[in-house]
Amino acid sequence: MTEFQELTGTKRISMAHDSDIEDQLGLEAGIVSPFGIMNNTAHNIQIYFDQDMLAENIPLTFHPNINTHTIFLSAADLMKFIKAQGFDYQIIDL
């Protein structure tokens with residue numbers, strides 16, 4: 001956790017409360033995915049990826065804001081989606 005704080009310049013890291021997940025992303029706890037940013041009109045979410053996660057040439061899997069389905073995406077397509085939603089992201093080396 002200290003390494004993440006140093007890499008991102010954050011002072012305090014904590015897990016989001018269920019109510020914050022619902023308020024900010026419109027999602028239920030346990031179903032958090034990058035697709036929740038579609039619901040974040042305030043654009044106050046910061047997105048980070050570990051470079052090792054993206055270095056693998058395998059599809060990334062996420063729930064599409066409901067846990068009864070799974071979407072497979074390449075890292076490049078996920079980054080395009082994030083940008084298309086008007087968000088930036090950072091790739092860090094944990």
# chains A, B, ... in the order shown; residues from 1 in each chain; ligands from 1

call {"tool": "residues_around", "arguments": {"residues": "A:Ala55", "least_positions_apart": "4", "cutoff": "12 Å", "atoms": "only C-alpha atoms", "output": "count of residues only"}}
result
11

call {"tool": "select_by_dssp", "arguments": {"residues": "chain A", "states": "helix (DSSP H, G or I)", "output": "ChimeraX atom specification"}}
result
/A:2-8,18-25,34-39,51-55,75-84

call {"tool": "write_last_selection", "arguments": {"atoms": "C-alpha atoms", "output": "PDB file, in the first residue's frame"}}
result
ATOM      1  CA  THR A   2       2.859   2.378   0.781  1.00  0.00           C
ATOM      2  CA  GLU A   3       4.334   1.794  -2.678  1.00  0.00           C
ATOM      3  CA  PHE A   4       1.001   2.642  -4.309  1.00  0.00           C
ATOM      4  CA  GLN A   5       0.758   5.818  -2.235  1.00  0.00           C
ATOM      5  CA  GLU A   6       4.260   6.855  -3.302  1.00  0.00           C
ATOM      6  CA  LEU A   7       3.631   6.097  -6.991  1.00  0.00           C
ATOM      7  CA  THR A   8       0.337   7.978  -7.094  1.00  0.00           C
ATOM      8  CA  ASP A  18     -20.756   0.495  -0.511  1.00  0.00           C
ATOM      9  CA  SER A  19     -22.677   3.779  -0.577  1.00  0.00           C
ATOM     10  CA  ASP A  20     -19.784   5.534  -2.348  1.00  0.00           C
ATOM     11  CA  ILE A  21     -19.646   2.813  -5.005  1.00  0.00           C
ATOM     12  CA  GLU A  22     -23.354   3.236  -5.619  1.00  0.00           C
ATOM     13  CA  ASP A  23     -23.225   7.054  -5.571  1.00  0.00           C
ATOM     14  CA  GLN A  24     -20.120   7.446  -7.760  1.00  0.00           C
ATOM     15  CA  LEU A  25     -20.413   4.495 -10.132  1.00  0.00           C
ATOM     16  CA  PRO A  34     -14.266  -0.220 -15.290  1.00  0.00           C
ATOM     17  CA  PHE A  35     -17.637   0.069 -17.040  1.00  0.00           C
ATOM     18  CA  GLY A  36     -19.006   1.861 -13.978  1.00  0.00           C
ATOM     19  CA  ILE A  37     -17.253   5.028 -15.116  1.00  0.00           C
ATOM     20  CA  MET A  38     -20.136   5.470 -17.585  1.00  0.00           C
ATOM     21  CA  ASN A  39     -22.219   6.467 -14.551  1.00  0.00           C
ATOM     22  CA  GLN A  51       1.833  -2.414 -15.998  1.00  0.00           C
ATOM     23  CA  ASP A  52       2.255  -6.173 -15.504  1.00  0.00           C
ATOM     24  CA  MET A  53      -1.509  -6.633 -15.831  1.00  0.00           C
ATOM     25  CA  LEU A  54      -1.452  -4.899 -19.187  1.00  0.00           C
ATOM     26  CA  ALA A  55       1.798  -6.468 -20.413  1.00  0.00           C
ATOM     27  CA  ALA A  75      -6.092  -3.969 -22.870  1.00  0.00           C
ATOM     28  CA  ALA A  76      -6.024  -1.644 -25.894  1.00  0.00           C
ATOM     29  CA  ASP A  77      -9.816  -1.799 -26.247  1.00  0.00           C
ATOM     30  CA  LEU A  78     -10.289  -1.143 -22.532  1.00  0.00           C
ATOM     31  CA  MET A  79      -8.065   1.937 -22.769  1.00  0.00           C
ATOM     32  CA  LYS A  80     -10.076   3.161 -25.779  1.00  0.00           C
ATOM     33  CA  PHE A  81     -13.284   2.725 -23.789  1.00  0.00           C
ATOM     34  CA  ILE A  82     -11.885   4.664 -20.843  1.00  0.00           C
ATOM     35  CA  LYS A  83     -10.745   7.515 -23.102  1.00  0.00           C
ATOM     36  CA  ALA A  84     -14.101   7.518 -24.931  1.00  0.00           C
TER      37      ALA A  84
END

call {"tool": "closest_residue", "arguments": {"among": "A:Thr68, A:Thr61, A:Thr41, A:Gln46", "to": "A:Asp88", "atoms": "only C-alpha atoms"}}
result
A:Gln46

call {"tool": "residues_around", "arguments": {"residues": "A:Ile71", "least_positions_apart": "6", "cutoff": "7 Å", "atoms": "only C-alpha atoms", "output": "ChimeraX atom specification"}}
result
/A:61-64

call {"tool": "write_last_selection", "arguments": {"atoms": "all heavy atoms", "output": "CSV table (one decimal), in the first residue's frame"}}
result
chain,number,residue,atom,x,y,z
A,61,THR,N,-11.0,-9.6,-18.3
A,61,THR,CA,-12.4,-9.9,-18.2
A,61,THR,C,-13.0,-9.1,-17.1
A,61,THR,O,-12.4,-8.8,-16.0
A,61,THR,CB,-12.5,-11.4,-17.8
A,61,THR,OG1,-11.8,-11.7,-16.6
A,61,THR,CG2,-12.0,-12.3,-18.9
A,62,PHE,N,-14.2,-8.6,-17.4
A,62,PHE,CA,-14.9,-7.8,-16.4
A,62,PHE,C,-16.4,-8.1,-16.5
A,62,PHE,O,-16.9,-8.5,-17.6
A,62,PHE,CB,-14.7,-6.3,-16.8
A,62,PHE,CG,-13.3,-5.8,-16.8
A,62,PHE,CD1,-12.6,-5.7,-18.0
A,62,PHE,CD2,-12.7,-5.6,-15.6
A,62,PHE,CE1,-11.3,-5.3,-18.0
A,62,PHE,CE2,-11.3,-5.2,-15.6
A,62,PHE,CZ,-10.6,-5.1,-16.8
A,63,HIS,N,-17.1,-7.8,-15.4
A,63,HIS,CA,-18.6,-7.8,-15.5
A,63,HIS,C,-19.1,-6.5,-16.1
A,63,HIS,O,-18.5,-5.5,-15.8
A,63,HIS,CB,-19.2,-7.9,-14.1
A,63,HIS,CG,-18.9,-9.2,-13.4
A,63,HIS,ND1,-19.2,-10.5,-14.0
A,63,HIS,CD2,-18.3,-9.5,-12.2
A,63,HIS,CE1,-18.9,-11.4,-13.2
A,63,HIS,NE2,-18.3,-10.9,-12.1
A,64,PRO,N,-20.1,-6.6,-17.0
A,64,PRO,CA,-20.6,-5.3,-17.6
A,64,PRO,C,-21.7,-4.7,-16.7
A,64,PRO,O,-22.8,-4.5,-17.1
A,64,PRO,CB,-21.2,-5.9,-18.9
A,64,PRO,CG,-21.7,-7.2,-18.5
A,64,PRO,CD,-20.7,-7.8,-17.5

call {"tool": "atom_distance", "arguments": {"atom1": "atom CA of A:Thr70", "atom2": "atom CA of A:Ser14"}}
result
26.6 Å

call {"tool": "select_by_dssp", "arguments": {"residues": "chain A", "states": "strand (DSSP E or B)", "output": "PyMOL selection string"}}
result
chain A and resi 48-50+60-62+71-73+90-92
